[in-house]
$ cat my_file_10.txt   # compact mmCIF, C-alpha atoms
# COMPACT_ATOMS: atom_id res chain seq x y z
CA MET A 1 0.00 0.00 0.00
CA SER A 2 1.59 3.21 -1.03
CA LEU A 3 0.90 6.72 0.12
CA LEU A 4 -0.92 7.56 -3.11
CA ASP A 5 -3.37 4.67 -2.78
CA TYR A 6 -5.05 6.46 0.11
CA PHE A 7 -6.09 9.24 -2.23
CA ARG A 8 -7.23 7.09 -5.13
CA VAL A 9 -10.95 7.19 -5.69
CA THR A 10 -12.46 3.73 -5.53
CA LYS A 11 -15.11 3.69 -8.21
CA ALA A 12 -15.55 1.20 -11.03
CA SER A 13 -12.79 1.91 -13.54
CA SER A 14 -13.66 2.29 -17.19
CA ALA A 15 -11.48 -0.74 -17.94
CA SER A 16 -13.56 -3.00 -15.69
CA VAL A 17 -16.74 -1.70 -17.34
CA ALA A 18 -15.21 -2.50 -20.73
CA LYS A 19 -14.25 -5.99 -19.60
CA GLU A 20 -17.72 -6.76 -18.31
CA ARG A 21 -19.42 -5.49 -21.48
CA LEU A 22 -17.06 -7.47 -23.67
CA GLN A 23 -17.45 -10.69 -21.71
CA ILE A 24 -21.23 -10.57 -22.11
CA LEU A 25 -21.05 -9.62 -25.79
CA VAL A 26 -18.41 -12.16 -26.74
CA ALA A 27 -20.24 -14.98 -24.94
CA HIS A 28 -23.44 -14.07 -26.79
CA GLU A 29 -21.74 -13.81 -30.18
CA ARG A 30 -19.90 -17.09 -29.66
CA SER A 31 -23.09 -18.96 -28.84
CA SER A 32 -24.84 -17.66 -31.93
CA ARG A 33 -21.77 -18.53 -33.99
CA SER A 34 -22.02 -22.22 -33.13
CA GLN A 35 -25.62 -22.38 -34.28
CA PRO A 36 -26.41 -23.92 -37.63
CA SER A 37 -26.67 -21.32 -40.38
CA TYR A 38 -30.19 -22.39 -41.36
CA LEU A 39 -31.64 -21.26 -38.04
CA PRO A 40 -32.80 -17.74 -39.01
CA GLN A 41 -34.40 -19.09 -42.21
CA LEU A 42 -36.09 -21.90 -40.26
CA GLN A 43 -37.44 -19.38 -37.79
CA LYS A 44 -38.78 -17.19 -40.58
CA GLU A 45 -40.51 -20.04 -42.42
CA LEU A 46 -41.99 -21.53 -39.25
CA LEU A 47 -43.42 -18.15 -38.40
CA GLU A 48 -45.01 -17.92 -41.84
CA VAL A 49 -46.65 -21.31 -41.42
CA ILE A 50 -47.96 -20.55 -37.95
CA ARG A 51 -49.35 -17.21 -39.05
CA LYS A 52 -51.47 -18.97 -41.63
CA TYR A 53 -53.50 -20.40 -38.78
CA VAL A 54 -52.90 -18.22 -35.75
CA ASN A 55 -52.47 -14.50 -35.57
CA VAL A 56 -49.19 -14.18 -33.71
CA GLY A 57 -46.64 -11.40 -33.67
CA GLN A 58 -43.13 -11.39 -35.13
CA ASP A 59 -41.55 -12.20 -31.80
CA ALA A 60 -43.98 -14.94 -30.78
CA ILE A 61 -41.55 -17.65 -31.78
CA SER A 62 -38.14 -18.33 -30.33
CA VAL A 63 -35.71 -20.89 -31.66
CA ASN A 64 -32.91 -22.09 -29.44
CA PHE A 65 -30.09 -24.34 -30.36
CA GLU A 66 -27.93 -26.00 -27.75
CA GLN A 67 -25.04 -28.33 -28.18
CA ASP A 68 -23.79 -30.77 -25.59
CA ASP A 69 -21.01 -33.26 -26.05
CA ASP A 70 -23.02 -35.87 -27.89
CA GLN A 71 -26.40 -34.31 -28.54
CA GLU A 72 -27.91 -31.27 -30.15
CA ILE A 73 -31.16 -29.81 -28.88
CA LEU A 74 -33.37 -27.66 -31.05
CA GLU A 75 -35.94 -25.93 -28.88
CA LEU A 76 -38.95 -24.20 -30.41
CA ASN A 77 -41.08 -21.94 -28.31
CA ILE A 78 -44.30 -20.49 -29.70
CA VAL A 79 -46.38 -18.16 -27.61
CA LEU A 80 -50.04 -18.22 -28.68
CA PRO A 81 -52.25 -15.21 -28.04
CA ASP A 82 -54.90 -15.41 -25.26
CA HIS A 83 -57.82 -15.46 -27.64
CA GLN A 84 -56.87 -17.68 -30.52
CA ALA A 85 -58.21 -15.40 -33.21
CA LYS A 86 -58.19 -17.45 -36.36
CA LYS A 87 -57.66 -15.81 -39.65
CA SER A 88 -60.62 -16.18 -42.04
CA MET B 1 7.42 -26.87 -46.87
CA ALA B 2 6.85 -23.36 -45.69
CA ARG B 3 4.90 -22.41 -42.60
CA ILE B 4 2.21 -19.88 -43.49
CA ILE B 5 1.44 -17.16 -40.95
CA VAL B 6 -1.50 -14.78 -41.30
CA VAL B 7 -1.39 -11.45 -39.49
CA THR B 8 -5.01 -10.52 -38.93
CA SER B 9 -7.30 -8.47 -36.69
CA GLY B 10 -10.62 -7.64 -38.30
CA LYS B 11 -10.37 -4.02 -37.20
CA GLY B 12 -8.20 -1.56 -39.11
CA GLY B 13 -5.39 0.53 -37.71
CA VAL B 14 -4.36 -1.85 -34.94
CA GLY B 15 -0.90 -2.60 -36.36
CA LYS B 16 -1.22 -5.49 -38.83
CA THR B 17 1.17 -4.07 -41.41
CA THR B 18 3.64 -2.87 -38.76
CA THR B 19 3.53 -6.37 -37.29
CA SER B 20 3.87 -8.13 -40.66
CA ALA B 21 6.91 -6.00 -41.50
CA ALA B 22 8.48 -6.57 -38.08
CA ILE B 23 7.97 -10.31 -37.75
CA SER B 24 8.92 -11.13 -41.34
CA MET B 25 12.13 -9.15 -40.83
CA GLY B 26 12.64 -10.89 -37.48
CA LEU B 27 12.26 -14.36 -39.00
CA ALA B 28 14.57 -13.48 -41.89
CA LYS B 29 17.17 -12.06 -39.50
CA LYS B 30 17.09 -15.38 -37.66
CA GLY B 31 18.20 -16.96 -40.92
CA TYR B 32 14.90 -18.27 -42.27
CA LYS B 33 14.08 -17.51 -45.87
CA THR B 34 10.90 -15.50 -45.55
CA ALA B 35 8.35 -13.97 -47.92
CA VAL B 36 5.84 -11.37 -46.84
CA ILE B 37 2.72 -10.82 -48.96
CA ASP B 38 0.44 -7.79 -48.95
CA PHE B 39 -3.19 -8.95 -49.39
CA ASP B 40 -4.65 -5.44 -49.27
CA VAL B 41 -5.42 -5.11 -52.97
CA GLY B 42 -6.21 -1.51 -53.88
CA LEU B 43 -4.78 -0.12 -50.63
CA ARG B 44 -1.27 -1.49 -50.53
CA ASN B 45 1.00 -0.15 -47.82
CA LEU B 46 3.37 -2.90 -46.80
CA ASP B 47 5.81 -1.70 -49.48
CA LEU B 48 5.81 1.76 -47.89
CA VAL B 49 6.28 0.50 -44.34
CA MET B 50 9.15 -1.71 -45.55
CA GLY B 51 10.74 1.06 -47.60
CA CYS B 52 10.58 -0.61 -51.02
CA GLU B 53 7.74 1.42 -52.57
CA ARG B 54 9.92 2.70 -55.40
CA ARG B 55 11.06 -0.75 -56.41
CA VAL B 56 7.61 -2.19 -57.12
CA VAL B 57 7.33 -3.26 -60.76
CA TYR B 58 5.00 -6.24 -60.75
CA ASP B 59 2.54 -7.23 -58.05
CA PHE B 60 0.59 -10.13 -56.58
CA ILE B 61 -2.27 -9.81 -59.11
CA ASN B 62 0.15 -9.70 -62.05
CA VAL B 63 1.52 -13.05 -60.88
CA ILE B 64 -1.95 -14.56 -60.35
CA ASN B 65 -2.95 -13.46 -63.87
CA GLY B 66 0.26 -14.83 -65.36
CA GLU B 67 1.48 -11.39 -66.50
CA ALA B 68 4.69 -11.82 -64.54
CA ASN B 69 6.42 -14.68 -62.78
CA LEU B 70 7.07 -14.80 -59.07
CA ASN B 71 10.75 -13.96 -59.33
CA GLN B 72 9.93 -10.80 -61.26
CA ALA B 73 7.43 -9.66 -58.66
CA LEU B 74 9.32 -10.54 -55.47
CA ILE B 75 11.35 -7.64 -54.09
CA ARG B 76 14.45 -8.51 -52.11
CA ASP B 77 14.69 -6.48 -48.92
CA LYS B 78 17.64 -4.10 -48.75
CA HIS B 79 18.37 -4.83 -45.08
CA CYS B 80 18.19 -8.60 -45.16
CA GLU B 81 18.79 -10.86 -48.12
CA GLN B 82 16.67 -13.66 -46.65
CA LEU B 83 13.56 -11.48 -46.89
CA TYR B 84 11.35 -10.94 -49.95
CA ILE B 85 8.27 -8.75 -50.34
CA LEU B 86 5.34 -9.47 -52.65
CA PRO B 87 3.39 -6.20 -52.98
CA ALA B 88 -0.35 -5.95 -53.54
CA SER B 89 -1.79 -4.38 -56.65
CA GLN B 90 -2.68 -0.74 -56.18
CA THR B 91 -5.01 -0.38 -59.14
CA ARG B 92 -7.18 -3.47 -59.47
CA ASP B 93 -10.02 -4.33 -57.22
CA LYS B 94 -9.94 -7.27 -54.87
CA ASP B 95 -12.11 -9.48 -57.07
CA ALA B 96 -8.88 -10.24 -58.91
CA LEU B 97 -7.94 -12.51 -55.98
CA SER B 98 -9.17 -16.10 -56.12
CA VAL B 99 -8.71 -19.17 -53.93
CA GLU B 100 -7.09 -21.03 -56.83
CA GLY B 101 -4.77 -18.14 -57.74
CA VAL B 102 -3.62 -17.51 -54.19
CA GLY B 103 -3.27 -21.24 -53.52
CA LYS B 104 -1.07 -21.70 -56.56
CA ILE B 105 1.26 -18.85 -55.58
CA LEU B 106 1.55 -20.02 -51.98
CA GLU B 107 2.35 -23.52 -53.19
CA GLU B 108 5.09 -22.19 -55.44
CA LEU B 109 6.52 -19.99 -52.66
CA SER B 110 6.42 -22.95 -50.26
CA LYS B 111 9.05 -24.74 -52.32
CA GLU B 112 11.58 -21.99 -51.82
CA PHE B 113 10.69 -20.28 -48.54
CA GLN B 114 10.55 -21.42 -44.93
CA TYR B 115 8.06 -18.83 -43.72
CA ILE B 116 5.34 -16.97 -45.61
CA VAL B 117 3.76 -14.05 -43.79
CA CYS B 118 0.35 -12.91 -45.10
CA ASP B 119 -0.52 -9.31 -44.22
CA SER B 120 -4.32 -9.28 -44.11
CA PRO B 121 -6.42 -6.24 -44.95
CA ALA B 122 -8.93 -5.01 -42.39
CA GLY B 123 -12.49 -6.29 -42.54
CA ILE B 124 -13.83 -9.75 -43.36
CA GLU B 125 -14.13 -9.43 -47.12
CA LYS B 126 -12.37 -11.43 -49.83
CA GLY B 127 -8.83 -10.14 -49.22
CA ALA B 128 -9.01 -10.89 -45.50
CA HIS B 129 -10.59 -14.27 -46.16
CA LEU B 130 -7.92 -15.33 -48.64
CA ALA B 131 -5.09 -14.03 -46.43
CA MET B 132 -6.12 -16.45 -43.69
CA TYR B 133 -7.53 -19.28 -45.79
CA PHE B 134 -4.27 -21.22 -46.24
CA ALA B 135 -2.69 -20.28 -42.90
CA ASP B 136 -1.02 -22.65 -40.45
CA ASP B 137 -0.62 -20.02 -37.75
CA ALA B 138 -2.57 -16.83 -37.04
CA PHE B 139 -1.16 -13.78 -35.30
CA VAL B 140 -4.23 -11.93 -34.04
CA VAL B 141 -3.22 -8.31 -33.51
CA THR B 142 -5.44 -6.67 -30.91
CA ASN B 143 -5.49 -3.30 -29.18
CA PRO B 144 -6.69 -3.14 -25.57
CA GLU B 145 -9.88 -1.44 -26.67
CA VAL B 146 -13.47 -2.73 -26.96
CA SER B 147 -14.01 -2.65 -30.72
CA SER B 148 -10.67 -4.26 -31.47
CA VAL B 149 -11.24 -7.07 -28.95
CA ARG B 150 -14.69 -7.77 -30.36
CA ASP B 151 -13.41 -7.83 -33.95
CA SER B 152 -10.58 -10.14 -32.95
CA ASP B 153 -13.10 -12.56 -31.52
CA ARG B 154 -15.01 -12.42 -34.80
CA MET B 155 -11.80 -13.26 -36.66
CA LEU B 156 -11.20 -16.21 -34.33
CA GLY B 157 -14.63 -17.52 -35.33
CA LEU B 158 -13.75 -17.22 -39.01
CA LEU B 159 -10.32 -18.82 -38.55
CA SER B 160 -11.97 -21.86 -37.00
CA SER B 161 -14.72 -22.20 -39.59
CA LYS B 162 -13.77 -20.65 -42.93
CA SER B 163 -10.14 -21.69 -43.37
CA ARG B 164 -8.76 -24.52 -45.45
CA ARG B 165 -7.75 -26.41 -42.31
CA ALA B 166 -11.29 -26.09 -40.94
CA GLU B 167 -12.95 -27.10 -44.21
CA GLN B 168 -10.73 -30.15 -44.65
CA ASN B 169 -11.03 -31.20 -41.00
CA GLU B 170 -7.31 -30.85 -40.41
CA GLU B 171 -5.61 -29.74 -37.23
CA PRO B 172 -6.91 -26.21 -36.60
CA ILE B 173 -4.89 -23.05 -37.21
CA LYS B 174 -2.69 -22.16 -34.22
CA GLU B 175 -3.87 -18.82 -32.90
CA TYR B 176 -1.67 -16.35 -31.04
CA LEU B 177 -2.50 -13.03 -29.39
CA LEU B 178 -0.33 -9.99 -30.06
CA LEU B 179 -1.51 -7.13 -27.89
CA SER B 180 -0.31 -3.86 -29.37
CA ARG B 181 -0.43 -0.17 -28.39
CA TYR B 182 -0.34 -1.19 -24.74
CA SER B 183 0.08 1.45 -22.03
CA PRO B 184 0.90 -0.09 -18.64
CA ASP B 185 0.41 3.32 -17.00
CA ARG B 186 -3.16 3.56 -18.20
CA VAL B 187 -3.84 -0.05 -17.22
CA LYS B 188 -2.64 0.78 -13.71
CA LEU B 189 -5.06 3.71 -13.59
CA GLY B 190 -7.93 1.45 -14.67
CA GLU B 191 -8.31 3.29 -17.97
CA MET B 192 -7.27 0.43 -20.23
CA LEU B 193 -8.01 -3.30 -20.45
CA SER B 194 -5.08 -5.30 -19.09
CA VAL B 195 -3.29 -8.17 -20.85
CA LYS B 196 -5.02 -10.52 -18.44
CA ASP B 197 -8.45 -9.05 -19.25
CA VAL B 198 -7.98 -9.45 -23.00
CA GLN B 199 -6.59 -12.96 -22.60
CA GLU B 200 -9.52 -13.92 -20.42
CA ILE B 201 -12.07 -12.57 -22.89
CA LEU B 202 -10.49 -14.12 -25.99
CA SER B 203 -8.88 -17.16 -24.30
CA LEU B 204 -5.85 -16.95 -26.54
CA HIS B 205 -2.21 -17.82 -26.07
CA LEU B 206 -0.24 -14.59 -25.60
CA LEU B 207 2.74 -14.30 -27.90
CA GLY B 208 3.68 -10.83 -26.74
CA VAL B 209 2.77 -7.30 -25.78
CA ILE B 210 3.91 -4.37 -27.91
CA PRO B 211 3.92 -1.15 -25.91
CA GLU B 212 2.53 2.10 -27.30
CA SER B 213 5.72 3.59 -28.67
CA LYS B 214 6.92 6.60 -30.62
CA SER B 215 9.40 4.36 -32.37
CA VAL B 216 6.63 2.73 -34.46
CA LEU B 217 5.79 6.00 -36.25
CA ASN B 218 9.47 6.87 -36.56
CA ALA B 219 10.12 3.51 -38.18
CA SER B 220 7.26 3.74 -40.69
CA ASN B 221 8.23 7.35 -41.46
CA SER B 222 11.58 6.12 -42.68
CA GLY B 223 10.39 2.79 -44.13
CA ILE B 224 12.44 0.60 -41.81
CA PRO B 225 10.66 -2.20 -39.91
CA VAL B 226 10.61 -1.22 -36.23
CA ILE B 227 12.25 -4.52 -35.22
CA LEU B 228 15.52 -3.19 -36.67
CA ASP B 229 15.46 -0.41 -34.04
CA GLN B 230 16.66 -2.62 -31.21
CA LYS B 231 17.06 0.38 -28.90
CA SER B 232 13.32 0.91 -28.95
CA ASP B 233 10.85 -0.87 -26.69
CA ALA B 234 8.58 -1.83 -29.62
CA GLY B 235 11.57 -3.20 -31.55
CA GLN B 236 12.60 -5.33 -28.60
CA ALA B 237 9.00 -6.47 -28.07
CA TYR B 238 8.83 -7.73 -31.67
CA ALA B 239 12.21 -9.46 -31.34
CA ASP B 240 10.87 -11.26 -28.25
CA ILE B 241 7.73 -12.23 -30.15
CA VAL B 242 9.71 -13.78 -33.01
CA ALA B 243 11.95 -15.63 -30.54
CA ARG B 244 8.93 -16.96 -28.60
CA TYR B 245 7.22 -18.04 -31.81
CA LEU B 246 10.35 -20.01 -32.71
CA GLY B 247 10.20 -21.75 -29.35
CA GLU B 248 12.67 -19.74 -27.27
CA GLU B 249 11.83 -19.02 -23.66
CA LYS B 250 11.52 -15.27 -23.16
CA PRO B 251 9.91 -13.70 -20.11
CA HIS B 252 7.20 -11.20 -21.01
CA ARG B 253 8.28 -7.57 -20.87
CA PHE B 254 6.49 -4.25 -21.29
CA ILE B 255 3.50 -5.40 -19.23
CA ASP B 256 4.33 -3.39 -16.12
CA GLU B 257 4.78 0.34 -16.12
CA LYS B 258 8.18 1.95 -16.11
CA LYS B 259 8.75 3.58 -12.78
CA GLY B 260 10.34 6.98 -12.58
CA ILE B 261 11.90 8.24 -9.39
CA PHE B 262 8.54 9.61 -8.29
CA GLY B 263 6.82 6.28 -8.94
CA LYS B 264 9.48 4.40 -7.03
CA LEU B 265 8.92 6.65 -4.00
CA PHE B 266 5.12 6.69 -4.04
CA GLY B 267 3.87 3.88 -6.25
CA GLY B 268 5.46 0.84 -4.57
CA LYS B 269 3.39 -2.26 -3.97

$ encode --input "my_file_10.txt" --output "structure tokens"
Amino acid sequence: MSLLDYFRVTKASSASVAKERLQILVAHERSSRSQPSYLPQLQKELLEVIRKYVNVGQDAISVNFEQDDDQEILELNIVLPDHQAKKS
Amino acid sequence: MARIIVVTSGKGGVGKTTTSAAISMGLAKKGYKTAVIDFDVGLRNLDLVMGCERRVVYDFINVINGEANLNQALIRDKHCEQLYILPASQTRDKDALSVEGVGKILEELSKEFQYIVCDSPAGIEKGAHLAMYFADDAFVVTNPEVSSVRDSDRMLGLLSSKSRRAEQNEEPIKEYLLLSRYSPDRVKLGEMLSVKDVQEILSLHLLGVIPESKSVLNASNSGIPVILDQKSDAGQAYADIVARYLGEEKPHRFIDEKKGIFGKLFGGK
């Protein structure tokens, strides 16, 4: 502990903010990188099919892809509206 | 067979060309016959940094198109006779580069050279893709700054998926971190990401830290690779990097701040 340390302000440094932001971003970008490239297209087409029958919004469907050592899990999540208003 | 090294970063202005010039000179000075290729078609600058801009007659694209042979296009460095420079074309656009063309030239160079250093352009377009496609080793040049770290991570993704080694299921490209423009003083003040931070985020093997140094601009001003300025900190840092790459044990330098008399009195641990 040096003399100067007593006078240093102890607030989060900009470097530690940068590190935290980068860790979150890089983790997110890496996980989307390992996903199969057809995922966005699959999501888009599924949404089109579902919207033929149910009036759901653009963000009503989520597609998740997870990879373990020996298995791949494709998880589809579709949120239906409260009143299933059918088209036509 | 030559070992092919790509110097890459994604982001521009982080020191790819400075690094390509320095490490190719370093390898040549160690006695290895080395070629350094500028992949930045349309924006060539390696020739300028290496001080051979007035000796360019034929370029990389001329050789790919069969308008000149390799020996006509290769420029022998004036400081080291083991080092040859293959300049990029300044006039044509980068569509002139092709996987087949680049592959053929690298194969021909491999017969004669021990190391081939590919100076990648910034970005992730064709030039950058072809610079890393055939690589055995990748030197990822990163500045301790958010956009550079992010772009480096993007490049790591491409190296592991879009390279020849990845496509042919061979042993992956060996990736090394070169952290440049580093200011230990600012790291100490909490104003700059530390070596440890960047290593943690990218999980990369650190080949060396190049300190922020006036000698880099001085060297490019005069067209002499900074590694030849062995009095300078950056020159020494690059010499360490080349030695480490070749398997020598060198303790890391330039990570801790230099202490003046004031720092010694008040900044002790």

$ closest_residue --input "my_file_10.txt" --among "B:Ser183, B:Ser160, B:Ile255, B:Pro172" --to "Ser34 (chain A)" --atoms "all atoms listed in the file"
B:Ser160

$ interface_residues --input "my_file_10.txt" --of "chain B" --to "chain A" --cutoff "12 Å" --atoms "all atoms listed in the file" --output "tab-separated table (two decimals) with C-alpha atoms, in the coordinates of the input"
chain	number	residue	atom	x	y	z
B	144	PRO	CA	-6.69	-3.14	-25.57
B	145	GLU	CA	-9.88	-1.44	-26.67
B	146	VAL	CA	-13.47	-2.73	-26.96
B	147	SER	CA	-14.01	-2.65	-30.72
B	148	SER	CA	-10.67	-4.26	-31.47
B	149	VAL	CA	-11.24	-7.07	-28.95
B	150	ARG	CA	-14.69	-7.77	-30.36
B	151	ASP	CA	-13.41	-7.83	-33.95
B	152	SER	CA	-10.58	-10.14	-32.95
B	153	ASP	CA	-13.10	-12.56	-31.52
B	154	ARG	CA	-15.01	-12.42	-34.80
B	155	MET	CA	-11.80	-13.26	-36.66
B	156	LEU	CA	-11.20	-16.21	-34.33
B	157	GLY	CA	-14.63	-17.52	-35.33
B	158	LEU	CA	-13.75	-17.22	-39.01
B	160	SER	CA	-11.97	-21.86	-37.00
B	161	SER	CA	-14.72	-22.20	-39.59
B	186	ARG	CA	-3.16	3.56	-18.20
B	187	VAL	CA	-3.84	-0.05	-17.22
B	188	LYS	CA	-2.64	0.78	-13.71
B	189	LEU	CA	-5.06	3.71	-13.59
B	190	GLY	CA	-7.93	1.45	-14.67
B	191	GLU	CA	-8.31	3.29	-17.97
B	192	MET	CA	-7.27	0.43	-20.23
B	193	LEU	CA	-8.01	-3.30	-20.45
B	194	SER	CA	-5.08	-5.30	-19.09
B	195	VAL	CA	-3.29	-8.17	-20.85
B	196	LYS	CA	-5.02	-10.52	-18.44
B	197	ASP	CA	-8.45	-9.05	-19.25
B	198	VAL	CA	-7.98	-9.45	-23.00
B	199	GLN	CA	-6.59	-12.96	-22.60
B	200	GLU	CA	-9.52	-13.92	-20.42
B	201	ILE	CA	-12.07	-12.57	-22.89
B	202	LEU	CA	-10.49	-14.12	-25.99
B	203	SER	CA	-8.88	-17.16	-24.30
B	262	PHE	CA	8.54	9.61	-8.29
B	263	GLY	CA	6.82	6.28	-8.94
B	264	LYS	CA	9.48	4.40	-7.03
B	265	LEU	CA	8.92	6.65	-4.00
B	266	PHE	CA	5.12	6.69	-4.04
B	267	GLY	CA	3.87	3.88	-6.25
B	268	GLY	CA	5.46	0.84	-4.57
B	269	LYS	CA	3.39	-2.26	-3.97

$ closest_residue --input "my_file_10.txt" --among "B:Val57, B:Val216, B:Met1, B:Val99" --to "Gln230 (chain B)" --atoms "all atoms listed in the file"
B:Val216

$ residues_near_point --input "my_file_10.txt" --point "(7.0, -7.5, -61.0)" --cutoff "6 Å" --atoms "all atoms listed in the file" --output "ChimeraX atom specification"
/B:57-59,72-73

$ residues_around --input "my_file_10.txt" --residues "Gly13 (chain B)" --least-positions-apart "6" --cutoff "12 Å" --atoms "all atoms listed in the file" --output "JSON, numbers by chain"
{"B": [19, 45, 120, 121, 122, 123, 141, 142, 143, 147, 148, 180, 181]}

$ residues_around --input "my_file_10.txt" --residues "region 70-73 of chain A" --least-positions-apart "3" --cutoff "12 Å" --atoms "all atoms listed in the file" --output "list in words"
Ser34, Gln35, Pro36, Val63, Asn64, Phe65, Glu66, Gln67 and Leu76 of chain A

$ atom_distance --input "my_file_10.txt" --atom1 "CA of Pro184 (chain B)" --atom2 "CA of Ile224 (chain B)"
25.9 Å

$ residues_around --input "my_file_10.txt" --residues "region 133-137 of chain B" --least-positions-apart "6" --cutoff "8 Å" --atoms "only C-alpha atoms" --output "ChimeraX atom specification"
/B:3-6,103,159,162-165,172-176

$ write_last_selection --input "my_file_10.txt" --atoms "C-alpha atoms" --output "CSV table (one decimal), in the coordinates of the input"
chain,number,residue,atom,x,y,z
B,3,ARG,CA,4.9,-22.4,-42.6
B,4,ILE,CA,2.2,-19.9,-43.5
B,5,ILE,CA,1.4,-17.2,-41.0
B,6,VAL,CA,-1.5,-14.8,-41.3
B,103,GLY,CA,-3.3,-21.2,-53.5
B,159,LEU,CA,-10.3,-18.8,-38.6
B,162,LYS,CA,-13.8,-20.6,-42.9
B,163,SER,CA,-10.1,-21.7,-43.4
B,164,ARG,CA,-8.8,-24.5,-45.4
B,165,ARG,CA,-7.8,-26.4,-42.3
B,172,PRO,CA,-6.9,-26.2,-36.6
B,173,ILE,CA,-4.9,-23.0,-37.2
B,174,LYS,CA,-2.7,-22.2,-34.2
B,175,GLU,CA,-3.9,-18.8,-32.9
B,176,TYR,CA,-1.7,-16.4,-31.0

$ closest_residue --input "my_file_10.txt" --among "B:Ser20, B:Gln82, B:Ser89, B:Ser215" --to "Ser232 (chain B)" --atoms "all atoms listed in the file"
B:Ser215

$ atom_distance --input "my_file_10.txt" --atom1 "CA of Thr8 (chain B)" --atom2 "CA of Ala131 (chain B)"
8.3 Å

$ residues_around --input "my_file_10.txt" --residues "region 56-61 of chain A" --least-positions-apart "2" --cutoff "8 Å" --atoms "all atoms listed in the file" --output "PDB file with C-alpha atoms, keeping the file's coordinate frame"
ATOM      1  CA  GLN A  43     -37.440 -19.380 -37.790  1.00  0.00           C
ATOM      2  CA  LEU A  47     -43.420 -18.150 -38.400  1.00  0.00           C
ATOM      3  CA  ILE A  50     -47.960 -20.550 -37.950  1.00  0.00           C
ATOM      4  CA  ARG A  51     -49.350 -17.210 -39.050  1.00  0.00           C
ATOM      5  CA  VAL A  54     -52.900 -18.220 -35.750  1.00  0.00           C
ATOM      6  CA  VAL A  63     -35.710 -20.890 -31.660  1.00  0.00           C
ATOM      7  CA  LEU A  76     -38.950 -24.200 -30.410  1.00  0.00           C
ATOM      8  CA  ASN A  77     -41.080 -21.940 -28.310  1.00  0.00           C
ATOM      9  CA  ILE A  78     -44.300 -20.490 -29.700  1.00  0.00           C
ATOM     10  CA  VAL A  79     -46.380 -18.160 -27.610  1.00  0.00           C
ATOM     11  CA  LEU A  80     -50.040 -18.220 -28.680  1.00  0.00           C
ATOM     12  CA  PRO A  81     -52.250 -15.210 -28.040  1.00  0.00           C
TER      13      PRO A  81
END

$ atom_distance --input "my_file_10.txt" --atom1 "CA of Leu27 (chain B)" --atom2 "CA of Ser9 (chain B)"
20.6 Å

$ closest_residue --input "my_file_10.txt" --among "B:Lys11, B:His205, B:Lys231, B:Arg44" --to "Phe139 (chain B)" --atoms "only C-alpha atoms"
B:His205
